[in-house]
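File shown here: final.txt, holding compact mmCIF, C-alpha atoms.
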```
# COMPACT_ATOMS: atom_id res chain seq x y z
CA MET P 1 0.00 0.00 0.00
CA LYS P 2 2.86 2.37 0.86
CA LYS P 3 4.46 1.53 -2.46
CA LEU P 4 1.25 2.45 -4.25
CA LEU P 5 0.97 5.72 -2.35
CA TYR P 6 4.61 6.49 -3.11
CA LEU P 7 4.12 5.70 -6.78
CA GLY P 8 1.01 7.89 -6.93
CA ALA P 9 2.86 10.75 -5.32
CA MET P 10 5.72 10.42 -7.81
CA ILE P 11 3.32 10.43 -10.76
CA THR P 12 1.62 13.54 -9.37
CA PHE P 13 5.02 15.20 -8.88
CA ILE P 14 6.22 14.34 -12.37
CA GLY P 15 2.90 15.46 -13.87
CA SER P 16 3.10 18.76 -12.00
CA PHE P 17 6.67 19.25 -13.20
CA SER P 18 5.67 18.51 -16.79
CA LEU P 19 2.75 20.94 -16.57
CA VAL P 20 5.01 23.67 -15.19
CA GLY P 21 7.49 23.01 -17.96
CA TYR P 22 4.74 23.11 -20.57
CA GLN P 23 3.43 26.39 -19.15
CA LYS P 24 6.91 27.90 -19.20
CA THR P 25 7.37 26.79 -22.80
CA GLN P 26 4.03 28.31 -23.76
CA ALA P 27 4.88 31.54 -21.97
CA ALA P 28 8.24 31.72 -23.69
CA SER P 29 6.58 31.03 -27.01
CA SER P 30 3.99 33.76 -26.49
CA GLN P 31 6.73 36.20 -25.55
CA ALA P 32 8.95 35.32 -28.50
CA PRO P 33 9.44 38.27 -30.87
CA LEU P 34 7.42 38.17 -34.07
CA VAL P 35 9.35 37.46 -37.25
CA SER P 36 9.04 40.39 -39.65
CA VAL P 37 7.97 39.78 -43.24
CA ARG P 38 7.05 42.18 -46.04
CA LEU P 39 6.50 42.59 -49.76
CA CYS P 40 8.43 44.76 -52.21
CA SER P 41 6.91 46.58 -55.16
CA SER P 42 8.77 48.22 -58.03
CA ALA P 43 7.26 50.66 -60.54
CA PRO P 44 8.15 54.05 -62.12
CA VAL P 45 6.37 56.55 -59.90
CA GLY P 46 8.93 59.12 -61.06
CA VAL P 47 7.65 59.02 -64.65
CA GLY P 48 4.98 61.72 -64.66
CA GLY P 49 2.53 59.93 -66.94
CA ASP P 50 2.69 56.82 -64.78
CA ALA P 51 2.47 58.42 -61.33
CA HIS P 52 -1.24 57.81 -60.75
CA ILE P 53 -1.01 54.26 -62.09
CA VAL P 54 1.91 53.46 -59.79
CA GLN P 55 0.26 54.98 -56.73
CA GLY P 56 -2.69 52.70 -57.44
CA ILE P 57 -0.40 49.67 -57.65
CA TRP P 58 1.19 50.56 -54.33
CA HIS P 59 -2.25 51.08 -52.81
CA GLY P 60 -3.24 47.56 -53.85
CA VAL P 61 -0.18 46.05 -52.18
CA SER P 62 -0.71 48.11 -49.03
CA VAL P 63 -4.38 47.15 -48.79
CA ALA P 64 -3.54 43.45 -49.15
CA THR P 65 -0.87 43.83 -46.46
CA ALA P 66 -3.31 45.47 -44.07
CA SER P 67 -5.88 42.74 -44.75
CA TRP P 68 -3.44 39.96 -43.81
CA ARG P 69 -1.67 41.59 -40.86
CA ALA P 70 -3.86 40.21 -38.04
CA ARG P 71 -3.73 36.65 -39.38
CA PHE P 72 0.04 36.81 -39.71
CA LYS P 73 0.39 38.01 -36.13
CA ARG P 74 -1.56 35.00 -34.86
CA VAL P 75 1.05 32.66 -36.37
CA GLY P 76 4.06 34.62 -35.12
CA LEU P 77 4.70 36.85 -38.15
CA ASN P 78 4.90 40.63 -38.13
CA LEU P 79 3.69 41.82 -41.53
CA VAL P 80 5.28 45.24 -41.95
CA ALA P 81 4.65 47.94 -44.56
CA PRO P 82 5.63 47.14 -48.16
CA LEU P 83 8.91 48.43 -49.54
CA ASP P 84 7.96 50.71 -52.48
CA LEU P 85 10.74 51.11 -55.03
CA ASP P 86 10.92 53.54 -57.98
CA ASP P 87 12.52 52.31 -61.22
CA ALA P 88 12.27 55.62 -63.11
CA LYS P 89 15.22 57.61 -64.41
CA SER P 90 16.20 60.52 -62.20
CA ASP P 91 14.86 63.01 -64.76
CA GLY P 92 11.52 61.19 -64.94
CA SER P 93 11.74 60.69 -68.70
CA ALA P 94 11.53 56.89 -68.73
CA VAL P 95 12.17 53.71 -66.81
CA ASP P 96 15.74 52.84 -65.87
CA PRO P 97 17.04 49.24 -66.18
CA ALA P 98 19.91 49.96 -63.80
CA LYS P 99 17.50 51.15 -61.10
CA GLU P 100 15.28 48.13 -61.62
CA ALA P 101 18.26 45.82 -61.17
CA SER P 102 19.17 47.73 -58.01
CA ASN P 103 15.56 47.47 -56.77
CA ALA P 104 15.56 43.71 -57.20
CA ARG P 105 18.84 43.37 -55.30
CA THR P 106 17.62 45.73 -52.58
CA CYS P 107 14.57 43.55 -52.07
CA LEU P 108 16.65 40.36 -51.94
CA GLY P 109 18.93 42.05 -49.42
CA ASP P 110 16.02 42.72 -47.08
CA ARG P 111 15.75 39.61 -44.91
CA ALA P 112 12.07 40.29 -44.25
CA ALA P 113 11.14 40.50 -47.95
CA MET P 114 9.16 37.48 -49.19
CA GLY P 115 7.83 38.58 -52.56
CA TYR P 116 7.92 41.20 -55.31
CA VAL P 117 4.84 42.83 -56.86
CA GLY P 118 5.78 44.33 -60.22
CA THR P 119 6.96 45.44 -62.50
CA LEU P 120 4.69 47.86 -64.36
CA ASN P 121 6.78 47.61 -67.54
CA SER P 122 7.65 44.35 -69.27
CA SER P 123 11.11 45.71 -70.15
CA MET P 124 11.87 46.14 -66.46
CA ALA P 125 10.69 42.61 -65.68
CA GLN P 126 13.28 41.35 -68.14
CA VAL P 127 15.88 42.90 -65.84
CA SER P 128 14.59 41.80 -62.44
CA GLU P 129 13.06 38.41 -63.28
CA PRO P 130 16.39 36.51 -63.51
CA ILE P 131 17.81 38.32 -60.46
CA LEU P 132 14.83 37.38 -58.32
CA ASN P 133 14.76 33.85 -59.73
CA ARG P 134 18.31 33.26 -58.51
CA GLY P 135 17.15 34.43 -55.09
CA GLY P 136 14.14 32.10 -55.06
CA MET P 137 11.76 35.05 -54.72
CA ALA P 138 8.22 35.04 -56.13
CA MET P 139 7.44 37.92 -58.49
CA ILE P 140 3.90 38.61 -59.67
CA SER P 141 3.17 41.42 -62.09
CA PRO P 142 -0.21 43.15 -62.25
CA SER P 143 0.49 44.51 -65.74
CA ASN P 144 3.29 42.82 -67.74
CA THR P 145 2.02 41.60 -71.11
CA ASN P 146 5.09 40.77 -73.20
CA PRO P 147 5.05 37.03 -74.00
CA ILE P 148 8.83 36.66 -73.72
CA LEU P 149 8.69 36.78 -69.92
CA THR P 150 6.99 33.37 -69.72
CA ASN P 151 8.23 31.90 -73.00
CA PRO P 152 9.65 28.42 -72.31
CA LEU P 153 12.03 28.80 -75.25
CA VAL P 154 14.05 31.40 -73.31
CA ARG P 155 13.50 29.99 -69.83
CA SER P 156 17.21 29.56 -69.13
CA THR P 157 17.62 33.33 -69.60
CA TYR P 158 14.79 34.51 -67.38
CA GLU P 159 14.23 31.55 -65.02
CA PRO P 160 17.66 29.87 -64.76
CA LEU P 161 16.89 27.90 -61.57
CA TYR P 162 13.55 26.69 -62.92
CA ALA P 163 15.17 25.74 -66.24
CA SER P 164 17.85 23.75 -64.41
CA HIS P 165 15.20 22.09 -62.16
CA ARG P 166 16.69 23.48 -58.98
CA LEU P 167 13.27 25.02 -58.44
CA LYS P 168 10.15 22.96 -59.09
CA TYR P 169 8.06 26.04 -59.87
CA PRO P 170 8.72 29.35 -61.65
CA THR P 171 9.32 32.47 -59.62
CA TYR P 172 7.72 34.82 -62.18
CA TYR P 173 3.94 35.05 -62.68
CA ARG P 174 1.44 37.55 -64.06
CA VAL P 175 -2.26 38.08 -63.47
CA VAL P 176 -3.02 39.58 -66.91
CA THR P 177 -2.83 37.90 -70.29
CA THR P 178 -0.23 38.70 -72.92
CA ASP P 179 0.20 40.81 -76.04
CA ALA P 180 0.09 37.61 -78.08
CA LEU P 181 -3.67 37.81 -77.40
CA GLN P 182 -4.09 41.56 -76.88
CA GLY P 183 -2.57 42.53 -80.25
CA PRO P 184 -4.83 40.26 -82.35
CA VAL P 185 -7.92 41.31 -80.35
CA GLY P 186 -7.12 44.93 -81.21
CA ALA P 187 -6.84 44.02 -84.88
CA ILE P 188 -10.12 42.07 -84.82
CA TYR P 189 -11.97 45.02 -83.32
CA MET P 190 -10.41 47.48 -85.75
CA LYS P 191 -11.62 45.32 -88.62
CA SER P 192 -15.14 45.29 -87.13
CA LEU P 193 -15.18 49.10 -87.38
CA GLY P 194 -14.51 48.87 -91.10
CA ILE P 195 -10.83 49.79 -90.79
CA THR P 196 -8.86 48.23 -93.65
CA ASN P 197 -5.53 50.06 -93.32
CA PHE P 198 -3.42 51.54 -90.53
CA TYR P 199 -0.13 53.25 -89.73
CA LEU P 200 1.94 51.36 -87.16
CA VAL P 201 3.90 53.21 -84.43
CA ASP P 202 5.97 51.85 -81.56
CA ASP P 203 8.21 53.29 -78.87
CA GLN P 204 11.03 50.75 -79.36
CA GLN P 205 10.39 49.39 -75.85
CA THR P 206 9.79 45.74 -75.02
CA TYR P 207 6.08 46.20 -74.35
CA GLY P 208 5.25 48.62 -77.15
CA ALA P 209 7.23 47.03 -79.94
CA GLY P 210 5.96 43.58 -79.02
CA LEU P 211 2.32 44.66 -78.88
CA ALA P 212 2.59 46.46 -82.23
CA GLN P 213 4.20 43.41 -83.82
CA HIS P 214 1.47 41.05 -82.61
CA MET P 215 -1.30 43.37 -83.77
CA ALA P 216 0.19 43.98 -87.21
CA ALA P 217 0.95 40.30 -87.82
CA TRP P 218 -2.66 39.29 -87.16
CA ALA P 219 -4.13 42.24 -89.04
CA THR P 220 -2.11 41.67 -92.21
CA GLY P 221 -1.74 37.90 -92.02
CA HIS P 222 -5.28 36.90 -91.04
CA LEU P 223 -7.64 39.82 -91.65
CA GLY P 224 -6.45 41.22 -94.97
CA MET P 225 -5.67 44.66 -93.53
CA SER P 226 -2.86 46.83 -94.93
CA GLU P 227 -0.01 48.46 -93.05
CA VAL P 228 0.57 51.68 -95.02
CA GLY P 229 3.63 52.75 -93.05
CA SER P 230 5.46 52.54 -89.76
CA GLY P 231 7.43 54.79 -87.44
CA HIS P 232 9.38 54.64 -84.20
CA LEU P 233 9.49 57.06 -81.29
CA ASP P 234 12.75 58.12 -79.66
CA THR P 235 12.18 57.78 -75.92
CA SER P 236 15.67 58.71 -74.77
CA SER P 237 14.34 61.99 -73.33
CA THR P 238 11.13 64.00 -73.14
CA ALA P 239 12.38 66.36 -75.83
CA ALA P 240 13.41 63.48 -78.10
CA THR P 241 9.96 61.89 -77.71
CA ALA P 242 8.24 65.14 -78.73
CA THR P 243 10.52 65.66 -81.72
CA SER P 244 10.18 62.10 -83.02
CA ALA P 245 6.40 62.15 -82.48
CA ALA P 246 6.12 65.27 -84.63
CA ALA P 247 8.19 63.64 -87.37
CA VAL P 248 6.11 60.46 -87.33
CA ALA P 249 2.90 62.52 -87.34
CA ARG P 250 3.98 64.20 -90.58
CA GLN P 251 4.53 60.78 -92.13
CA VAL P 252 1.09 59.67 -90.95
CA VAL P 253 -0.66 62.61 -92.56
CA ALA P 254 1.20 61.97 -95.82
CA LYS P 255 0.07 58.31 -95.88
CA LYS P 256 -3.57 59.11 -95.00
CA PRO P 257 -4.38 55.93 -93.03
CA GLN P 258 -7.76 55.25 -91.50
CA ALA P 259 -6.13 54.53 -88.15
CA ILE P 260 -2.94 54.85 -86.14
CA TYR P 261 -2.03 51.90 -83.97
CA CYS P 262 0.51 52.96 -81.34
CA GLY P 263 2.26 50.17 -79.46
CA CYS P 264 3.54 52.58 -76.82
CA ASP P 265 3.70 53.12 -73.09
CA GLU P 266 1.56 55.99 -71.78
CA PRO P 267 4.34 58.63 -71.55
CA TYR P 268 5.02 58.15 -75.28
CA SER P 269 1.56 57.40 -76.67
CA GLY P 270 0.27 60.74 -75.39
CA PRO P 271 2.78 62.90 -77.29
CA MET P 272 2.17 60.78 -80.39
CA LEU P 273 -1.58 61.32 -80.24
CA ALA P 274 -1.16 65.04 -79.59
CA ALA P 275 1.30 65.43 -82.47
CA ALA P 276 -1.00 63.58 -84.87
CA ARG P 277 -3.95 65.80 -83.95
CA ARG P 278 -1.85 68.94 -84.43
CA GLN P 279 -0.90 67.72 -87.90
CA GLY P 280 -4.56 67.34 -88.76
CA PHE P 281 -5.06 63.60 -88.37
CA THR P 282 -8.71 62.93 -87.45
CA GLY P 283 -8.88 59.16 -87.90
CA TYR P 284 -8.98 56.34 -85.37
CA TYR P 285 -6.27 56.08 -82.73
CA PHE P 286 -5.72 52.70 -81.08
CA GLY P 287 -3.46 51.73 -78.20
CA GLY P 288 -3.00 48.93 -75.71
CA ASP P 289 -3.52 48.63 -71.98
CA ALA P 290 -0.71 51.11 -71.23
CA ILE P 291 -3.10 54.02 -71.93
CA ASN P 292 -5.69 52.71 -69.46
CA ASP P 293 -5.49 55.53 -66.98
CA VAL P 294 -8.23 58.16 -67.03
CA SER P 295 -5.53 60.84 -66.93
CA PHE P 296 -4.42 59.83 -70.43
CA GLY P 297 -7.80 60.54 -72.00
CA THR P 298 -8.28 63.70 -69.96
CA LYS P 299 -4.94 65.10 -71.09
CA TYR P 300 -4.74 63.95 -74.69
CA ALA P 301 -8.18 63.04 -76.08
CA GLY P 302 -9.25 66.65 -76.55
CA GLY P 303 -12.90 65.74 -76.94
CA VAL P 304 -12.21 63.46 -79.92
CA ALA P 305 -14.39 60.37 -79.83
CA ASN P 306 -12.30 57.95 -81.90
CA LEU P 307 -9.73 57.04 -79.25
CA TYR P 308 -9.69 53.32 -78.44
CA LYS P 309 -7.72 50.93 -76.27
CA THR P 310 -7.55 47.22 -75.64
CA TYR P 311 -7.12 45.91 -72.14
CA SER P 312 -5.66 42.64 -70.95
CA THR P 313 -8.72 41.80 -68.86
CA THR P 314 -12.02 43.60 -68.13
CA VAL P 315 -11.29 46.05 -65.29
CA GLY P 316 -10.20 48.92 -67.56
CA ASN P 317 -12.12 51.75 -65.93
CA PRO P 318 -12.56 53.01 -62.35
CA ALA P 319 -16.27 52.32 -62.71
CA ALA P 320 -15.46 48.68 -63.47
CA THR P 321 -13.37 48.21 -60.32
CA PRO P 322 -14.99 45.45 -58.25
CA LYS P 323 -17.08 47.00 -55.47
CA SER P 324 -15.65 44.66 -52.85
CA PHE P 325 -12.13 45.90 -53.55
CA LEU P 326 -13.15 49.53 -54.01
CA LYS P 327 -14.76 49.55 -50.56
CA LEU P 328 -11.59 48.11 -49.07
CA GLU P 329 -9.33 50.56 -50.89
CA HIS P 330 -11.45 53.54 -49.83
CA LYS P 331 -11.20 52.38 -46.23
CA TYR P 332 -7.49 53.22 -46.36
CA TYR P 333 -7.49 55.82 -49.16
CA PRO P 334 -10.77 57.78 -48.99
CA GLY P 335 -11.81 59.46 -52.21
CA TRP P 336 -9.11 57.81 -54.30
CA ILE P 337 -9.96 57.29 -57.99
CA PRO P 338 -8.64 53.82 -58.88
CA GLY P 339 -6.09 53.33 -61.59
CA PRO P 340 -6.12 50.38 -64.00
CA TYR P 341 -3.97 48.10 -61.85
CA ASP P 342 -5.04 48.77 -58.25
CA THR P 343 -7.14 45.62 -58.15
CA PHE P 344 -4.59 43.44 -59.90
CA SER P 345 -1.77 44.54 -57.62
CA TYR P 346 -4.02 43.60 -54.70
CA ASP P 347 -4.60 40.22 -56.33
CA ALA P 348 -0.86 39.71 -56.83
CA ALA P 349 -0.01 40.69 -53.26
CA ASP P 350 -2.87 38.61 -51.84
CA ILE P 351 -1.61 35.51 -53.67
CA ILE P 352 1.93 35.93 -52.35
CA LEU P 353 0.83 36.64 -48.79
CA SER P 354 -1.53 33.67 -48.83
CA ALA P 355 1.40 31.49 -49.92
CA VAL P 356 3.58 32.83 -47.10
CA TYR P 357 0.82 32.10 -44.60
CA LYS P 358 0.35 28.54 -45.91
CA SER P 359 4.07 27.86 -45.78
CA LYS P 360 4.17 29.08 -42.18
CA LEU P 361 1.28 26.80 -41.20
CA ALA P 362 2.97 23.87 -42.95
CA GLY P 363 6.18 24.47 -41.00
CA THR P 364 8.25 25.07 -44.16
CA LEU P 365 8.87 28.80 -43.74
CA LYS P 366 12.32 28.27 -42.29
CA GLY P 367 15.98 27.98 -43.16
CA ASN P 368 18.06 30.56 -44.98
CA ALA P 369 16.56 33.36 -47.07
CA PHE P 370 16.51 31.30 -50.27
CA GLN P 371 14.84 28.35 -48.54
CA ARG P 372 12.18 30.49 -46.89
CA ARG P 373 11.37 32.41 -50.06
CA SER P 374 11.27 29.39 -52.33
CA SER P 375 9.09 27.47 -49.82
CA ILE P 376 6.06 29.52 -50.90
CA LEU P 377 6.35 28.82 -54.64
CA LYS P 378 4.34 25.60 -54.62
CA TYR P 379 1.37 27.46 -53.17
CA ILE P 380 1.53 29.91 -56.09
CA GLY P 381 2.47 27.70 -59.02
CA GLY P 382 0.28 24.86 -57.82
CA GLY P 383 -2.58 26.87 -56.36
CA HIS P 384 -6.11 27.81 -57.41
CA PHE P 385 -7.34 31.29 -56.60
CA ASN P 386 -10.45 33.44 -56.53
CA GLU P 387 -9.39 37.08 -56.48
CA PRO P 388 -11.45 40.30 -56.63
CA GLY P 389 -10.00 41.43 -59.95
CA ILE P 390 -9.51 38.19 -61.84
CA GLY P 391 -12.03 35.85 -60.28
CA PRO P 392 -11.37 32.08 -60.29
CA PHE P 393 -8.11 31.13 -62.02
CA HIS P 394 -4.78 29.37 -61.74
CA PHE P 395 -1.33 29.81 -63.23
CA ASP P 396 -0.11 27.48 -65.96
CA LYS P 397 3.33 25.86 -65.91
CA ASN P 398 4.86 28.95 -67.52
CA GLY P 399 3.44 31.40 -64.99
CA ASP P 400 0.63 32.73 -67.21
CA THR P 401 -2.93 33.20 -66.02
CA SER P 402 -5.54 30.67 -67.13
CA VAL P 403 -7.95 33.55 -67.87
CA ARG P 404 -8.33 34.40 -71.58
CA VAL P 405 -10.46 37.53 -71.32
CA LEU P 406 -9.76 40.91 -72.93
CA SER P 407 -11.79 44.04 -73.53
CA VAL P 408 -12.04 47.05 -75.86
CA TRP P 409 -12.79 50.56 -74.62
CA ASN P 410 -13.59 53.93 -76.19
CA TRP P 411 -12.99 57.38 -74.69
CA LYS P 412 -16.32 59.13 -74.21
CA GLY P 413 -16.62 62.52 -72.58
CA SER P 414 -14.45 62.18 -69.51
CA THR P 415 -13.91 58.47 -69.06
CA TRP P 416 -13.32 55.13 -70.78
CA SER P 417 -16.46 53.31 -71.87
CA LEU P 418 -16.56 49.53 -72.31
CA LEU P 419 -17.45 48.47 -75.86
CA LYS P 420 -16.86 44.74 -75.98
CA VAL P 421 -15.51 41.90 -73.89
CA PHE P 422 -13.66 39.15 -75.73
CA TYR P 423 -14.05 35.85 -73.93
CA SER P 424 -12.09 32.72 -74.69
CA LYS P 425 -14.72 31.61 -77.23
CA ASP P 426 -14.25 34.89 -79.13
CA ILE P 427 -10.49 34.50 -79.47
CA PRO P 428 -9.10 32.08 -82.08
CA ALA P 429 -7.84 28.98 -80.31
CA SER P 430 -4.58 29.17 -82.27
CA ILE P 431 -3.60 32.32 -80.35
CA ARG P 432 -1.77 31.37 -77.17
CA PRO P 433 -0.21 33.54 -74.42
CA THR P 434 3.23 32.16 -75.24
CA PRO P 435 4.51 29.92 -78.08
```
Mind turning the file's structure into structure tokens?
Amino acid sequence: MKKLLYLGAMITFIGSFSLVGYQKTQAASSQAPLVSVRLCSSAPVGVGGDAHIVQGIWHGVSVATASWRARFKRVGLNLVAPLDLDDAKSDGSAVDPAKEASNARTCLGDRAAMGYVGTLNSSMAQVSEPILNRGGMAMISPSNTNPILTNPLVRSTYEPLYASHRLKYPTYYRVVTTDALQGPVGAIYMKSLGITNFYLVDDQQTYGAGLAQHMAAWATGHLGMSEVGSGHLDTSSTAATATSAAAVARQVVAKKPQAIYCGCDEPYSGPMLAAARRQGFTGYYFGGDAINDVSFGTKYAGGVANLYKTYSTTVGNPAATPKSFLKLEHKYYPGWIPGPYDTFSYDAADIILSAVYKSKLAGTLKGNAFQRRSSILKYIGGGHFNEPGIGPFHFDKNGDTSVRVLSVWNWKGSTWSLLKVFYSKDIPASIRPTP
């Protein structure tokens, strides 16, 4: 009997000791400092024509961050403010590849950084994509449309670790479709207006030249349209852009086309449109998603009704911004008029932050910086999403969105007006986001 009493006492003692130890462990755990994490975002806020667009992108990332902060704290993560990085030249004339490279390295050098939302320009993604890939960091663009960024034929250039199978998933993704679809959709709509000939302009940048090429190839090769001439803008400085736009405008007037198609970023498309109007051109003017912002039409349309744009999804107007996101954005930025990519930058940030959260819950968000960053890729490349801007979708093996939806808009009065949505069934099946 004494032995039994002694044994019971020992069990009680050991149990009490274990409970005390457990409580101390829990207390230590609850008092452990939170691990800081954040997102980076790179875009040319210093380029005047892009300032409103970029502020909207940064708003989207900030809103997503605020939305996730409480959940992160519950699992021991301190979600701090995003690191906003400017990749514009110091004079504000254009984007700067050297600054974009520096931005990517700055983000990789920040131990808290877990993902990169950007870039605005496809040409800048060509710079940062391979840098971030080597660091195992997810990059999701709300706006890049050049097909080369996800083209498997050049994967070793842009995704070296994915090409060599060191990473199972890509690091680069985009939530909009590519110019390989956007260009032909522009041509199809131009043809529907009775346009049979056009003058082709580009700004010699990755996005603009690529978009113009895809449009012209489909227009002339599949629709029987004629390219009556072509010209290139010099974007080396603001003055050079204005001078070259005036020279191209004179060529346009001499050729008398029904339409100008400008494959150009917003800071260059505006001067081209203005120069053409000054020279007396009154025909159709078409551009791509780079001229989405309301400020473009307000500044350059001049009351002319035949200004058109294509857009790489359907949210091409503040009025088309999903109400659920708009309410959330206005909570933090009252009275803000959304730009074309506010929602998509939110989508991009939300996807990355969700992946970080899932990796933390799975116990894989650990190790060195490369290991922690690359641990989230399977939740992006292998995930299925339902985002405010895009809706239900997933990424394919190249990092492209599964959504094949584009739209055409016309400037009316003081805003962009939706004319037509092209769904997958409206787009020839032979046209793919990448080869």
Within 6 Å of stretch 106-119 of chain P: each stretch 22-88 of chain P residue with its shortest pair, only C-alpha atoms, as CSV:
```
residue,atom,partner,partner_atom,distance
P:Ser36,CA,P:Ala112,CA,5.5
P:Val37,CA,P:Ala112,CA,4.3
P:Arg38,CA,P:Ala113,CA,4.8
P:Leu39,CA,P:Gly115,CA,5.1
P:Cys40,CA,P:Tyr116,CA,4.7
P:Ser41,CA,P:Val117,CA,4.6
P:Ser42,CA,P:Gly118,CA,5.4
P:Ala43,CA,P:Thr119,CA,5.6
```
Next on the checklist: Restricting the calculation to all atoms listed in the file: of P:Lys191, P:Lys397, P:Lys256, P:His232, which residue gets closest to P:Tyr268?
Outcome noted: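 Using all atoms listed in the file, P:Tyr268 sits closest to P:His232.
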Item to check | Counting all atoms listed in the file, the option among P:Met139, P:Ile57, P:Ala349, P:Leu365 closest to P:Gly76 | outcome: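 When distances to P:Gly76 are compared using all atoms listed in the file, the smallest one comes from P:Leu365.
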Checklist entry - Using only C-alpha atoms, which of the listed residues (P:Val80, P:Met190, P:Leu328, P:Val201) sits closest to P:Ala219? => result P:Met190
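Between atom CA of P:Ile260 and atom CA of P:Ala320 there is a distance of 26.6 Å.
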Checklist entry - Contacts of P:Val253 at 9 Å or less, counting only C-alpha atoms, minus same-chain residues fewer than 5 places along, as an MDAnalysis selection string? => result chainID P and resid 248 276 279:281
Checklist entry - Between P:Thr150, P:Asn133, P:Gln258, P:Ser414, which has the minimum distance to P:Arg373 (counting all atoms listed in the file)? => result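 The closest residue to P:Arg373 is P:Asn133.
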Listing only residues of stretch 271-329 of chain P within 8 Å of stretch 262-265 of chain P, what is the closest atom pair and its distance in Å (to one decimal) for each, using only C-alpha atoms, sorted by chain and residue number ascending, as a Markdown table?
```
| residue | atom | partner | partner_atom | distance |
| --- | --- | --- | --- | --- |
| P:Tyr285 | CA | P:Cys262 | CA | 7.6 |
| P:Phe286 | CA | P:Cys262 | CA | 6.2 |
| P:Gly287 | CA | P:Cys262 | CA | 5.2 |
| P:Gly288 | CA | P:Gly263 | CA | 6.6 |
| P:Ala290 | CA | P:Asp265 | CA | 5.2 |
| P:Ile291 | CA | P:Asp265 | CA | 7.0 |
```
Checklist entry - By how many Å are atom CA of P:Ile131 and atom CA of P:Arg105 apart? => result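 Atom CA of P:Arg105 lies 7.3 Å from atom CA of P:Ile131.
Across the model, the gap from atom CA of P:Tyr346 to atom CA of P:Asp426 is 27.9 Å.
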Checklist entry - Restricting the calculation to all atoms listed in the file, which member of P:Thr310, P:Ser93, P:Thr343, P:Thr157 is positioned closest to P:Trp58? => result P:Thr343
Next on the checklist: With all atoms listed in the file as the counted atoms, please give the residues lying no more than 12 Å from P:Leu77, apart from itself and same-chain residues fewer than 6 positions off, as a ChimeraX atom specification.
Outcome noted: /P:32-38,68-71,112,114,353,356-357,359-361,365
Checklist entry - What lies within 10 Å of P:Leu132 using all atoms listed in the file, ignoring chain neighbours under 2 positions off, as a ChimeraX atom specification? => result /P:101,104-105,107-108,115-116,125,127-130,134-139,158-159,171-172
Kindly save the residues from that selection, with C-alpha atoms included, as a compact mmCIF listing (two decimals), in the coordinates of the input.
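Written file, part07.txt:
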```
# COMPACT_ATOMS: atom_id res chain seq x y z
CA ALA P 101 18.26 45.82 -61.17
CA ALA P 104 15.56 43.71 -57.20
CA ARG P 105 18.84 43.37 -55.30
CA CYS P 107 14.57 43.55 -52.07
CA LEU P 108 16.65 40.36 -51.94
CA GLY P 115 7.83 38.58 -52.56
CA TYR P 116 7.92 41.20 -55.31
CA ALA P 125 10.69 42.61 -65.68
CA VAL P 127 15.88 42.90 -65.84
CA SER P 128 14.59 41.80 -62.44
CA GLU P 129 13.06 38.41 -63.28
CA PRO P 130 16.39 36.51 -63.51
CA ARG P 134 18.31 33.26 -58.51
CA GLY P 135 17.15 34.43 -55.09
CA GLY P 136 14.14 32.10 -55.06
CA MET P 137 11.76 35.05 -54.72
CA ALA P 138 8.22 35.04 -56.13
CA MET P 139 7.44 37.92 -58.49
CA TYR P 158 14.79 34.51 -67.38
CA GLU P 159 14.23 31.55 -65.02
CA THR P 171 9.32 32.47 -59.62
CA TYR P 172 7.72 34.82 -62.18
```
Checklist entry - Need the neighbours of (12.3, 24.6, -68.3): which residues are at most 12 Å away, counting only C-alpha atoms, as a list of chain:residue names? => result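 Here the neighbourhood of the point contains P:Thr150, P:Asn151, P:Pro152, P:Leu153, P:Val154, P:Arg155, P:Ser156, P:Thr157, P:Tyr158, P:Glu159, P:Pro160, P:Leu161, P:Tyr162, P:Ala163, P:Ser164, P:His165, P:Arg166, P:Leu167, P:Lys168, P:Tyr169, P:Pro170, P:Lys397, P:Asn398, P:Gly399.
Shortest atom-to-atom contact with P:Ile427 among P:Ser62, P:Gln182, P:Asn292, P:Gln205: P:Gln182, counting all atoms listed in the file.
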Mind checking which residues fall within 6 Å of P:Met225, counting all atoms listed in the file, ignoring those fewer than 5 positions away in the same chain, and posting them as a PDB file with C-alpha atoms, in the frame of the given file?
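Dumped everything to out15.pdb:
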```
ATOM      1  CA  THR P 196      -8.860  48.230 -93.650  1.00  0.00           C
ATOM      2  CA  ASN P 197      -5.530  50.060 -93.320  1.00  0.00           C
ATOM      3  CA  ALA P 219      -4.130  42.240 -89.040  1.00  0.00           C
ATOM      4  CA  THR P 220      -2.110  41.670 -92.210  1.00  0.00           C
TER       5      THR P 220
END
```
Next on the checklist: So that I can see what lies close to P:Leu200, please list as a VMD selection string the residues with an atom at most 9 Å from it, counting all atoms listed in the file and leaving out residues fewer than 4 positions away in the same chain.
Outcome noted: chain P and resid 212 to 213 216 227 to 232 259 to 263
